[in-house]
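This is input-v3.cif. It holds mmCIF, C-alpha atoms.
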```cif
data_coords
#
loop_
_atom_site.label_atom_id
_atom_site.label_comp_id
_atom_site.auth_asym_id
_atom_site.auth_seq_id
_atom_site.Cartn_x
_atom_site.Cartn_y
_atom_site.Cartn_z
CA MET A 12 -65.64 -15.50 -33.40
CA ALA A 13 -62.58 -13.29 -32.92
CA ALA A 14 -63.39 -12.40 -29.33
CA PRO A 15 -62.58 -15.79 -27.77
CA ALA A 16 -59.13 -15.76 -29.46
CA ALA A 17 -58.42 -12.25 -28.22
CA ARG A 18 -58.82 -13.14 -24.58
CA PRO A 19 -55.88 -15.63 -24.49
CA PHE A 20 -53.75 -13.06 -26.33
CA ASP A 21 -54.76 -10.33 -23.87
CA SER A 22 -53.99 -12.68 -21.03
CA ARG A 23 -50.54 -13.49 -22.42
CA LEU A 24 -49.89 -9.78 -23.00
CA ARG A 25 -50.82 -8.97 -19.42
CA ASN A 26 -48.52 -11.75 -18.23
CA VAL A 27 -45.65 -10.33 -20.30
CA VAL A 28 -46.29 -6.83 -18.97
CA VAL A 29 -46.38 -8.12 -15.39
CA PHE A 30 -43.18 -10.13 -15.95
CA VAL A 31 -41.34 -7.12 -17.43
CA ALA A 32 -42.57 -4.95 -14.56
CA ILE A 33 -41.24 -7.47 -12.04
CA VAL A 34 -37.87 -7.73 -13.80
CA TRP A 35 -37.48 -3.96 -13.96
CA GLY A 36 -38.59 -3.65 -10.36
CA VAL A 37 -35.99 -6.15 -9.22
CA ALA A 38 -33.31 -4.56 -11.40
CA THR A 39 -34.16 -1.10 -10.09
CA THR A 40 -33.96 -2.40 -6.54
CA PHE A 41 -30.49 -3.83 -7.13
CA VAL A 42 -29.31 -0.64 -8.84
CA ALA A 43 -30.67 1.47 -6.00
CA PHE A 44 -29.09 -0.85 -3.42
CA ASP A 45 -25.77 -0.68 -5.26
CA MET A 46 -25.91 3.11 -5.36
CA VAL A 47 -26.75 3.31 -1.68
CA ALA A 48 -23.95 0.86 -0.88
CA LEU A 49 -21.44 2.87 -2.90
CA ARG A 50 -22.58 6.09 -1.30
CA GLY A 51 -22.31 4.40 2.09
CA VAL A 52 -18.71 3.38 1.43
CA ASP A 53 -17.94 6.86 0.17
CA LEU A 54 -19.53 8.35 3.29
CA VAL A 55 -17.35 6.16 5.52
CA GLN A 56 -14.24 7.17 3.61
CA ALA A 57 -15.21 10.83 3.69
CA TYR A 58 -15.51 10.76 7.51
CA PRO A 59 -12.97 8.13 8.65
CA ALA A 60 -12.57 9.61 12.13
CA LEU A 61 -16.30 9.13 12.70
CA PHE A 62 -16.66 5.62 11.28
CA GLY A 63 -13.26 4.25 12.28
CA ASP A 64 -12.38 0.90 10.73
CA MET A 65 -15.91 0.10 9.60
CA ALA A 66 -14.89 -0.03 5.93
CA LEU A 67 -11.91 -2.31 6.52
CA SER A 68 -11.86 -5.96 5.54
CA ARG A 69 -11.41 -8.55 8.27
CA VAL A 70 -8.20 -9.58 6.54
CA VAL A 71 -6.86 -6.24 7.76
CA THR A 72 -8.43 -5.98 11.19
CA ARG A 73 -7.67 -9.58 12.13
CA SER A 74 -4.11 -9.68 10.85
CA THR A 75 -1.57 -10.73 13.48
CA SER A 76 1.64 -10.39 11.51
CA CYS A 77 2.76 -7.33 13.49
CA GLU A 78 2.25 -9.02 16.85
CA VAL A 79 5.32 -10.19 18.75
CA ARG A 80 4.54 -13.43 20.56
CA PRO A 81 6.37 -14.96 23.53
CA GLY A 82 9.31 -16.95 22.26
CA ASP A 83 9.73 -14.90 19.05
CA THR A 84 13.40 -14.13 18.47
CA PRO A 85 15.19 -12.38 15.59
CA ALA A 86 16.24 -14.90 12.98
CA ARG A 87 19.45 -13.07 12.11
CA GLY A 88 20.41 -11.24 15.25
CA ALA A 89 20.44 -7.48 15.76
CA PRO A 90 20.74 -5.46 12.52
CA ALA A 91 23.39 -2.76 12.08
CA VAL A 92 20.93 0.13 11.73
CA ASP A 93 19.81 2.87 14.07
CA ALA A 94 16.16 3.70 14.81
CA GLY A 95 15.82 6.22 12.00
CA GLU A 96 17.35 3.89 9.42
CA ALA A 97 15.07 1.10 10.62
CA ARG A 98 11.93 3.19 10.15
CA VAL A 99 12.95 4.50 6.74
CA GLY A 100 14.18 1.09 5.62
CA ALA A 101 10.95 -0.68 6.61
CA TRP A 102 8.86 2.01 4.88
CA LEU A 103 10.90 2.02 1.67
CA LEU A 104 10.99 -1.78 1.58
CA GLY A 105 7.20 -1.75 1.63
CA VAL A 106 6.93 1.02 -0.96
CA SER A 107 9.10 -1.01 -3.32
CA VAL A 108 6.93 -4.10 -2.78
CA GLY A 109 3.80 -2.11 -3.64
CA ARG A 110 5.26 -0.52 -6.75
CA ASP A 111 6.56 -3.88 -7.94
CA ALA A 112 3.15 -5.50 -7.41
CA LEU A 113 1.43 -2.95 -9.64
CA LEU A 114 4.12 -2.74 -12.31
CA ARG A 115 4.49 -6.50 -12.59
CA GLN A 116 0.83 -6.79 -13.62
CA TYR A 117 1.60 -4.83 -16.78
CA ALA A 118 5.21 -5.75 -17.45
CA GLY A 119 4.40 -8.87 -19.45
CA ASN A 120 7.57 -10.85 -20.11
CA ASN A 121 9.80 -7.81 -19.64
CA VAL A 122 10.54 -8.38 -15.96
CA GLN A 123 14.33 -8.09 -16.00
CA ALA A 124 14.28 -4.55 -14.59
CA LEU A 125 11.78 -5.58 -11.94
CA ASP A 126 13.99 -8.50 -10.95
CA GLN A 127 16.91 -6.08 -10.58
CA LEU A 128 14.79 -3.96 -8.27
CA GLY A 129 13.97 -7.16 -6.41
CA ALA A 130 17.68 -7.69 -5.81
CA GLY A 131 17.78 -4.22 -4.27
CA ARG A 132 14.91 -5.17 -1.94
CA SER A 133 16.73 -8.30 -0.90
CA ALA A 134 19.82 -6.26 -0.06
CA LEU A 135 17.74 -3.81 2.00
CA ALA A 136 15.97 -6.66 3.79
CA ASP A 137 19.35 -8.21 4.60
CA ARG A 138 20.56 -4.92 6.05
CA LEU A 139 17.45 -4.76 8.22
CA GLY A 140 18.02 -8.37 9.31
CA VAL A 141 14.74 -9.74 7.93
CA SER A 142 13.52 -12.12 5.23
CA ALA A 143 13.33 -10.74 1.70
CA PRO A 144 9.74 -9.89 0.70
CA ALA A 145 7.79 -12.34 -1.42
CA VAL A 146 6.86 -11.26 -4.94
CA PHE A 147 3.19 -10.60 -5.56
CA ARG A 148 1.77 -12.25 -8.66
CA VAL A 149 -1.87 -11.65 -9.39
CA GLU A 150 -4.08 -14.65 -10.10
CA GLN A 151 -7.17 -12.83 -11.43
CA MET A 152 -6.71 -9.31 -12.75
CA ALA A 153 -10.25 -8.37 -11.79
CA ASN A 154 -9.41 -9.14 -8.14
CA ALA A 155 -5.90 -7.69 -8.15
CA ASN A 156 -6.55 -5.10 -5.43
CA ILE A 157 -8.26 -7.62 -3.15
CA GLU A 158 -5.50 -10.16 -3.71
CA PHE A 159 -2.78 -7.62 -2.95
CA ARG A 160 -4.45 -6.46 0.25
CA ALA A 161 -4.59 -10.08 1.43
CA PHE A 162 -0.97 -10.59 0.33
CA VAL A 163 0.18 -7.68 2.49
CA GLU A 164 -1.78 -8.72 5.56
CA GLN A 165 -1.09 -12.46 5.36
CA ASP A 166 2.65 -11.81 4.96
CA PRO A 167 3.65 -14.86 2.89
CA GLY A 168 7.36 -14.01 3.05
CA SER A 169 7.27 -13.34 6.82
CA THR A 170 8.96 -10.00 6.18
CA ALA A 171 6.40 -8.00 8.15
CA HIS A 172 6.56 -10.32 11.14
CA ASP A 173 10.36 -10.42 11.01
CA LEU A 174 10.37 -6.61 11.15
CA ALA A 175 8.12 -6.68 14.20
CA VAL A 176 10.36 -9.17 16.00
CA THR A 177 13.74 -7.84 14.90
CA LEU A 178 13.02 -4.09 15.00
CA SER A 179 9.59 -3.19 16.37
CA PRO A 180 5.86 -3.57 15.68
CA GLN A 181 6.00 0.00 14.34
CA ALA A 182 8.49 -1.12 11.66
CA CYS A 183 6.05 -3.86 10.68
CA GLU A 184 3.23 -1.32 10.37
CA LEU A 185 5.46 0.97 8.31
CA PHE A 186 6.26 -1.89 5.95
CA LYS A 187 2.57 -2.61 5.41
CA LEU A 188 1.82 1.09 5.05
CA GLY A 189 4.58 1.39 2.47
CA ALA A 190 3.34 -1.59 0.45
CA LEU A 191 -0.22 -0.27 0.23
CA TRP A 192 1.07 3.24 -0.42
CA GLY A 193 3.47 2.18 -3.17
CA TYR A 194 0.72 0.27 -4.98
CA SER A 195 -1.71 3.17 -4.61
CA GLU A 196 0.70 5.86 -5.75
CA MET A 197 1.40 3.98 -8.99
CA ILE A 198 -2.26 3.72 -9.97
CA ARG A 199 -3.45 7.06 -8.57
CA PRO A 200 -2.57 9.16 -11.67
CA ALA A 201 -4.92 6.95 -13.72
CA LEU A 202 -7.88 7.50 -11.36
CA PRO A 203 -8.82 11.19 -11.45
CA GLY A 204 -11.77 12.03 -9.26
CA GLU A 205 -11.10 9.12 -6.89
CA ARG A 206 -9.45 8.54 -3.54
CA ALA A 207 -6.38 6.31 -3.21
CA VAL A 208 -7.16 2.65 -3.87
CA PHE A 209 -6.30 1.62 -0.30
CA ALA A 210 -7.23 4.86 1.43
CA MET A 211 -8.76 3.27 4.53
CA GLU A 212 -5.99 0.69 4.87
CA ILE A 213 -3.38 3.43 4.54
CA ARG A 214 -5.10 5.36 7.33
CA HIS A 215 -5.27 2.22 9.50
CA HIS A 216 -1.57 1.42 9.28
CA ALA A 217 -0.44 5.06 9.39
CA LEU A 218 -2.24 5.53 12.69
CA ARG A 219 -0.74 2.34 14.10
CA ALA A 220 2.71 3.43 12.93
CA GLU A 221 2.20 6.86 14.52
CA VAL A 222 2.73 8.78 11.27
CA PRO A 223 1.26 12.31 11.60
CA GLU A 224 -2.04 12.73 9.81
CA PRO A 225 -1.03 15.69 7.59
CA LEU A 226 1.53 13.44 5.89
CA TRP A 227 -0.99 10.84 4.71
CA SER A 228 -4.43 12.51 4.84
CA PRO A 229 -4.16 13.72 1.19
CA MET A 230 -4.49 10.05 0.21
CA MET A 231 -7.96 10.14 1.75
CA GLN A 232 -9.00 12.97 -0.54
CA ARG A 233 -10.24 12.69 -4.10
CA VAL A 234 -7.92 13.64 -6.92
CA PRO A 235 -9.59 16.51 -8.83
CA ALA A 236 -11.49 15.09 -11.79
CA GLU A 237 -9.66 17.42 -14.17
CA ALA A 238 -6.21 16.71 -12.72
CA LYS A 239 -3.43 15.89 -15.19
CA SER A 240 -1.51 12.68 -14.57
CA GLU A 241 1.83 14.51 -14.40
CA ASP A 242 0.46 16.77 -11.66
CA VAL A 243 -0.72 13.75 -9.67
CA ILE A 244 2.69 12.12 -10.07
CA THR A 245 4.34 15.29 -8.77
CA GLN A 246 1.99 15.36 -5.78
CA MET A 247 2.63 11.70 -5.00
CA THR A 248 6.39 12.17 -5.20
CA THR A 249 6.13 15.06 -2.73
CA LEU A 250 3.93 13.04 -0.35
CA THR A 251 6.17 9.97 -0.45
CA ASN A 252 9.30 12.05 0.12
CA GLY A 253 7.54 13.83 2.96
CA VAL A 254 6.87 10.58 4.82
CA THR A 255 10.43 9.38 4.19
CA THR A 256 11.94 12.61 5.49
CA TYR A 257 9.77 12.55 8.58
CA LEU A 258 10.64 8.95 9.45
CA GLY A 259 14.34 9.66 9.11
CA GLY A 260 14.25 12.60 11.50
CA VAL A 261 11.80 11.70 14.25
CA GLU A 262 14.42 11.82 17.03
CA SER A 263 15.66 15.24 16.00
CA ARG A 264 12.18 16.68 16.56
CA LYS A 265 11.78 15.24 20.05
#
```

Show the structure stored in the file as structure tokens.
Amino acid sequence: MAAPAARPFDSRLRNVVVFVAIVWGVATTFVAFDMVALRGVDLVQAYPALFGDMALSRVVTRSTSCEVRPGDTPARGAPAVDAGEARVGAWLLGVSVGRDALLRQYAGNNVQALDQLGAGRSALADRLGVSAPAVFRVEQMANANIEFRAFVEQDPGSTAHDLAVTLSPQACELFKLGALWGYSEMIRPALPGERAVFAMEIRHHALRAEVPEPLWSPMMQRVPAEAKSEDVITQMTTLTNGVTTYLGGVESRK
């Protein structure tokens, strides 16, 4: 009499086993796909010269903020800066925007110091004859990096485009490079074993701004996994100062 009851139980057990096998199979497939995808991205970043802009978002590759269109004229006339000051100013204006964007995410209500730095950016923008940069405020912390990349490329304050029109497209590229760099340098000490957050975007804008590769290529490399944060900060300070020094003295090397 027990045999007939066993068959439904065996059938249900087989169904459970099959269901679990399917679930694990699907899960394993997604895990494997994710690992392959991550390795693929890492491969592209490891060999950027080979893969070009393949890893870049369309928000970067389709941005037009550095294009000067017919009829574009400087909003404030010619600024009182020479070529070297223009390059350094555009770069440092961007670096400040990037640092502010990262710091403001963790400043809470203590934003007085950041607002004072913002006043300094406004003064620099005025000297360069362009609009003061907009302030980045993250909407979803989990998407902060994505939101900031879009913020830089979409240019809500028109600062990047103003730089292109008033100074040069190179100045616009330097501003974007600086913004992505400043954000990356602030978070880099907390990410041992990783490349800069915006490594590929930094490469993209550095090439367009004609910044020599040795000055920015370390951002494409992984920070040693055992690196101490103070050592990374020292390295970043050296790299940032190196770019600044180069931009201020391009003519003297020609």

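The nearest approach to A:Ser74 among the residues A:Glu164, A:Asp93, A:Asp242, A:Glu224, with only C-alpha atoms taken into account, belongs to A:Glu164.
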
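Shortest separation to A:Thr249 among A:Ala175, A:Val163, A:Glu237, A:Pro229 occurs at residue A:Pro229, atoms counted being all atoms listed in the file.
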
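Neighbourhood of point (8.7, 10.6, -3.4): residues with an atom at most 12 Å away, counting only C-alpha atoms, are Trp102, Leu103, Val106, Ser107, Gly189, Trp192, Gly193, Glu196, Met197, Val243, Ile244, Thr245, Gln246, Met247, Thr248, Thr249, Leu250, Thr251, Asn252, Gly253, Val254, Thr255 and Thr256 of chain A.
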
Take the selection from the previous step and output its residues with C-alpha atoms, as an mmCIF file, keeping the file's coordinate frame.
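Heads up, here's the output in result_10.cif:
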```
data_model
loop_
_atom_site.group_PDB
_atom_site.id
_atom_site.type_symbol
_atom_site.label_atom_id
_atom_site.label_comp_id
_atom_site.auth_asym_id
_atom_site.auth_seq_id
_atom_site.Cartn_x
_atom_site.Cartn_y
_atom_site.Cartn_z
ATOM 1 C CA TRP A 102 8.860 2.010 4.880
ATOM 2 C CA LEU A 103 10.900 2.020 1.670
ATOM 3 C CA VAL A 106 6.930 1.020 -0.960
ATOM 4 C CA SER A 107 9.100 -1.010 -3.320
ATOM 5 C CA GLY A 189 4.580 1.390 2.470
ATOM 6 C CA TRP A 192 1.070 3.240 -0.420
ATOM 7 C CA GLY A 193 3.470 2.180 -3.170
ATOM 8 C CA GLU A 196 0.700 5.860 -5.750
ATOM 9 C CA MET A 197 1.400 3.980 -8.990
ATOM 10 C CA VAL A 243 -0.720 13.750 -9.670
ATOM 11 C CA ILE A 244 2.690 12.120 -10.070
ATOM 12 C CA THR A 245 4.340 15.290 -8.770
ATOM 13 C CA GLN A 246 1.990 15.360 -5.780
ATOM 14 C CA MET A 247 2.630 11.700 -5.000
ATOM 15 C CA THR A 248 6.390 12.170 -5.200
ATOM 16 C CA THR A 249 6.130 15.060 -2.730
ATOM 17 C CA LEU A 250 3.930 13.040 -0.350
ATOM 18 C CA THR A 251 6.170 9.970 -0.450
ATOM 19 C CA ASN A 252 9.300 12.050 0.120
ATOM 20 C CA GLY A 253 7.540 13.830 2.960
ATOM 21 C CA VAL A 254 6.870 10.580 4.820
ATOM 22 C CA THR A 255 10.430 9.380 4.190
ATOM 23 C CA THR A 256 11.940 12.610 5.490
#
```

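The coordinates place atom CA of A:Leu188 at 11.1 Å from atom CA of A:Glu221.
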
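Evaluated against the shown file, the PyMOL selection byres ((chain A and resi 99) around 9) gives Ala94, Gly95, Glu96, Ala97, Arg98, Gly100, Ala101, Trp102, Leu103, Leu104, Ala182, Leu185, Val254, Thr255, Thr256, Tyr257, Leu258 and Gly259 of chain A.
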
For A:Glu205, find every residue with an atom within 10 Å (counting all atoms listed in the file), except residues of its own chain fewer than 5 positions away, and show them as a compact mmCIF listing (two decimals) with C-alpha atoms, keeping the file's coordinate frame.
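See around05.txt below for the written result:
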```
# COMPACT_ATOMS: atom_id res chain seq x y z
CA ARG A 199 -3.45 7.06 -8.57
CA PRO A 200 -2.57 9.16 -11.67
CA MET A 230 -4.49 10.05 0.21
CA MET A 231 -7.96 10.14 1.75
CA GLN A 232 -9.00 12.97 -0.54
CA ARG A 233 -10.24 12.69 -4.10
CA VAL A 234 -7.92 13.64 -6.92
CA PRO A 235 -9.59 16.51 -8.83
CA ALA A 236 -11.49 15.09 -11.79
```

Could you add the missing atoms to stretch 88-114 of chain A, up to N, CA, C and O atoms, and return them as a PDB file, keeping the file's coordinate frame?
```
ATOM      1  N   GLY A  88      19.722 -12.083  14.286  1.00  0.00           N
ATOM      2  CA  GLY A  88      20.410 -11.240  15.250  1.00  0.00           C
ATOM      3  C   GLY A  88      20.080  -9.770  15.052  1.00  0.00           C
ATOM      4  O   GLY A  88      19.257  -9.397  14.215  1.00  0.00           O
ATOM      5  N   ALA A  89      20.718  -8.911  15.821  1.00  0.00           N
ATOM      6  CA  ALA A  89      20.440  -7.480  15.760  1.00  0.00           C
ATOM      7  C   ALA A  89      21.020  -6.856  14.495  1.00  0.00           C
ATOM      8  O   ALA A  89      22.193  -7.079  14.174  1.00  0.00           O
ATOM      9  N   PRO A  90      20.229  -6.096  13.747  1.00  0.00           N
ATOM     10  CA  PRO A  90      20.740  -5.460  12.520  1.00  0.00           C
ATOM     11  C   PRO A  90      21.620  -4.258  12.840  1.00  0.00           C
ATOM     12  O   PRO A  90      21.523  -3.662  13.922  1.00  0.00           O
ATOM     13  N   ALA A  91      22.460  -3.887  11.890  1.00  0.00           N
ATOM     14  CA  ALA A  91      23.390  -2.760  12.080  1.00  0.00           C
ATOM     15  C   ALA A  91      22.764  -1.463  11.585  1.00  0.00           C
ATOM     16  O   ALA A  91      23.320  -0.782  10.714  1.00  0.00           O
ATOM     17  N   VAL A  92      21.596  -1.116  12.108  1.00  0.00           N
ATOM     18  CA  VAL A  92      20.930   0.130  11.730  1.00  0.00           C
ATOM     19  C   VAL A  92      20.424   0.810  12.988  1.00  0.00           C
ATOM     20  O   VAL A  92      20.087   0.157  13.984  1.00  0.00           O
ATOM     21  N   ASP A  93      20.381   2.150  12.944  1.00  0.00           N
ATOM     22  CA  ASP A  93      19.810   2.870  14.070  1.00  0.00           C
ATOM     23  C   ASP A  93      18.304   2.991  13.890  1.00  0.00           C
ATOM     24  O   ASP A  93      17.739   2.503  12.900  1.00  0.00           O
ATOM     25  N   ALA A  94      17.628   3.647  14.831  1.00  0.00           N
ATOM     26  CA  ALA A  94      16.160   3.700  14.810  1.00  0.00           C
ATOM     27  C   ALA A  94      15.627   4.396  13.565  1.00  0.00           C
ATOM     28  O   ALA A  94      14.645   3.954  12.965  1.00  0.00           O
ATOM     29  N   GLY A  95      16.278   5.493  13.179  1.00  0.00           N
ATOM     30  CA  GLY A  95      15.820   6.220  12.000  1.00  0.00           C
ATOM     31  C   GLY A  95      15.978   5.405  10.730  1.00  0.00           C
ATOM     32  O   GLY A  95      15.071   5.353   9.890  1.00  0.00           O
ATOM     33  N   GLU A  96      17.123   4.746  10.587  1.00  0.00           N
ATOM     34  CA  GLU A  96      17.350   3.890   9.420  1.00  0.00           C
ATOM     35  C   GLU A  96      16.357   2.730   9.392  1.00  0.00           C
ATOM     36  O   GLU A  96      15.906   2.308   8.311  1.00  0.00           O
ATOM     37  N   ALA A  97      16.021   2.209  10.556  1.00  0.00           N
ATOM     38  CA  ALA A  97      15.070   1.100  10.620  1.00  0.00           C
ATOM     39  C   ALA A  97      13.702   1.528  10.131  1.00  0.00           C
ATOM     40  O   ALA A  97      13.050   0.804   9.361  1.00  0.00           O
ATOM     41  N   ARG A  98      13.250   2.698  10.586  1.00  0.00           N
ATOM     42  CA  ARG A  98      11.930   3.190  10.150  1.00  0.00           C
ATOM     43  C   ARG A  98      11.911   3.450   8.646  1.00  0.00           C
ATOM     44  O   ARG A  98      11.002   3.005   7.938  1.00  0.00           O
ATOM     45  N   VAL A  99      12.901   4.177   8.164  1.00  0.00           N
ATOM     46  CA  VAL A  99      12.950   4.500   6.740  1.00  0.00           C
ATOM     47  C   VAL A  99      13.106   3.233   5.910  1.00  0.00           C
ATOM     48  O   VAL A  99      12.458   3.063   4.868  1.00  0.00           O
ATOM     49  N   GLY A 100      13.963   2.334   6.362  1.00  0.00           N
ATOM     50  CA  GLY A 100      14.180   1.090   5.620  1.00  0.00           C
ATOM     51  C   GLY A 100      12.922   0.251   5.516  1.00  0.00           C
ATOM     52  O   GLY A 100      12.599  -0.272   4.443  1.00  0.00           O
ATOM     53  N   ALA A 101      12.195   0.113   6.632  1.00  0.00           N
ATOM     54  CA  ALA A 101      10.950  -0.680   6.610  1.00  0.00           C
ATOM     55  C   ALA A 101       9.928  -0.041   5.673  1.00  0.00           C
ATOM     56  O   ALA A 101       9.248  -0.740   4.900  1.00  0.00           O
ATOM     57  N   TRP A 102       9.791   1.271   5.742  1.00  0.00           N
ATOM     58  CA  TRP A 102       8.860   2.010   4.880  1.00  0.00           C
ATOM     59  C   TRP A 102       9.218   1.858   3.415  1.00  0.00           C
ATOM     60  O   TRP A 102       8.366   1.508   2.591  1.00  0.00           O
ATOM     61  N   LEU A 103      10.485   2.093   3.065  1.00  0.00           N
ATOM     62  CA  LEU A 103      10.900   2.020   1.670  1.00  0.00           C
ATOM     63  C   LEU A 103      10.852   0.589   1.135  1.00  0.00           C
ATOM     64  O   LEU A 103      10.583   0.373  -0.050  1.00  0.00           O
ATOM     65  N   LEU A 104      11.114  -0.382   1.994  1.00  0.00           N
ATOM     66  CA  LEU A 104      10.990  -1.780   1.580  1.00  0.00           C
ATOM     67  C   LEU A 104       9.557  -2.071   1.181  1.00  0.00           C
ATOM     68  O   LEU A 104       9.291  -2.711   0.154  1.00  0.00           O
ATOM     69  N   GLY A 105       8.611  -1.572   1.967  1.00  0.00           N
ATOM     70  CA  GLY A 105       7.200  -1.750   1.630  1.00  0.00           C
ATOM     71  C   GLY A 105       6.807  -1.008   0.372  1.00  0.00           C
ATOM     72  O   GLY A 105       6.094  -1.554  -0.493  1.00  0.00           O
ATOM     73  N   VAL A 106       7.254   0.234   0.234  1.00  0.00           N
ATOM     74  CA  VAL A 106       6.930   1.020  -0.960  1.00  0.00           C
ATOM     75  C   VAL A 106       7.384   0.284  -2.217  1.00  0.00           C
ATOM     76  O   VAL A 106       6.665   0.216  -3.224  1.00  0.00           O
ATOM     77  N   SER A 107       8.580  -0.276  -2.166  1.00  0.00           N
ATOM     78  CA  SER A 107       9.100  -1.010  -3.320  1.00  0.00           C
ATOM     79  C   SER A 107       8.252  -2.246  -3.623  1.00  0.00           C
ATOM     80  O   SER A 107       8.001  -2.575  -4.788  1.00  0.00           O
ATOM     81  N   VAL A 108       7.800  -2.937  -2.582  1.00  0.00           N
ATOM     82  CA  VAL A 108       6.930  -4.100  -2.780  1.00  0.00           C
ATOM     83  C   VAL A 108       5.643  -3.687  -3.481  1.00  0.00           C
ATOM     84  O   VAL A 108       5.169  -4.356  -4.413  1.00  0.00           O
ATOM     85  N   GLY A 109       5.046  -2.573  -3.043  1.00  0.00           N
ATOM     86  CA  GLY A 109       3.800  -2.110  -3.640  1.00  0.00           C
ATOM     87  C   GLY A 109       3.960  -1.685  -5.087  1.00  0.00           C
ATOM     88  O   GLY A 109       3.125  -2.021  -5.944  1.00  0.00           O
ATOM     89  N   ARG A 110       5.018  -0.948  -5.362  1.00  0.00           N
ATOM     90  CA  ARG A 110       5.260  -0.520  -6.750  1.00  0.00           C
ATOM     91  C   ARG A 110       5.493  -1.735  -7.652  1.00  0.00           C
ATOM     92  O   ARG A 110       4.966  -1.796  -8.768  1.00  0.00           O
ATOM     93  N   ASP A 111       6.279  -2.681  -7.170  1.00  0.00           N
ATOM     94  CA  ASP A 111       6.560  -3.880  -7.940  1.00  0.00           C
ATOM     95  C   ASP A 111       5.273  -4.650  -8.242  1.00  0.00           C
ATOM     96  O   ASP A 111       5.070  -5.143  -9.355  1.00  0.00           O
ATOM     97  N   ALA A 112       4.392  -4.747  -7.252  1.00  0.00           N
ATOM     98  CA  ALA A 112       3.150  -5.500  -7.410  1.00  0.00           C
ATOM     99  C   ALA A 112       2.283  -4.916  -8.523  1.00  0.00           C
ATOM    100  O   ALA A 112       1.660  -5.660  -9.298  1.00  0.00           O
ATOM    101  N   LEU A 113       2.238  -3.593  -8.603  1.00  0.00           N
ATOM    102  CA  LEU A 113       1.430  -2.950  -9.640  1.00  0.00           C
ATOM    103  C   LEU A 113       2.109  -3.034 -10.992  1.00  0.00           C
ATOM    104  O   LEU A 113       1.488  -3.400 -11.994  1.00  0.00           O
ATOM    105  N   LEU A 114       3.394  -2.739 -11.036  1.00  0.00           N
ATOM    106  CA  LEU A 114       4.120  -2.740 -12.310  1.00  0.00           C
ATOM    107  C   LEU A 114       4.185  -4.134 -12.917  1.00  0.00           C
ATOM    108  O   LEU A 114       4.071  -4.295 -14.135  1.00  0.00           O
TER     109      LEU A 114
END
```
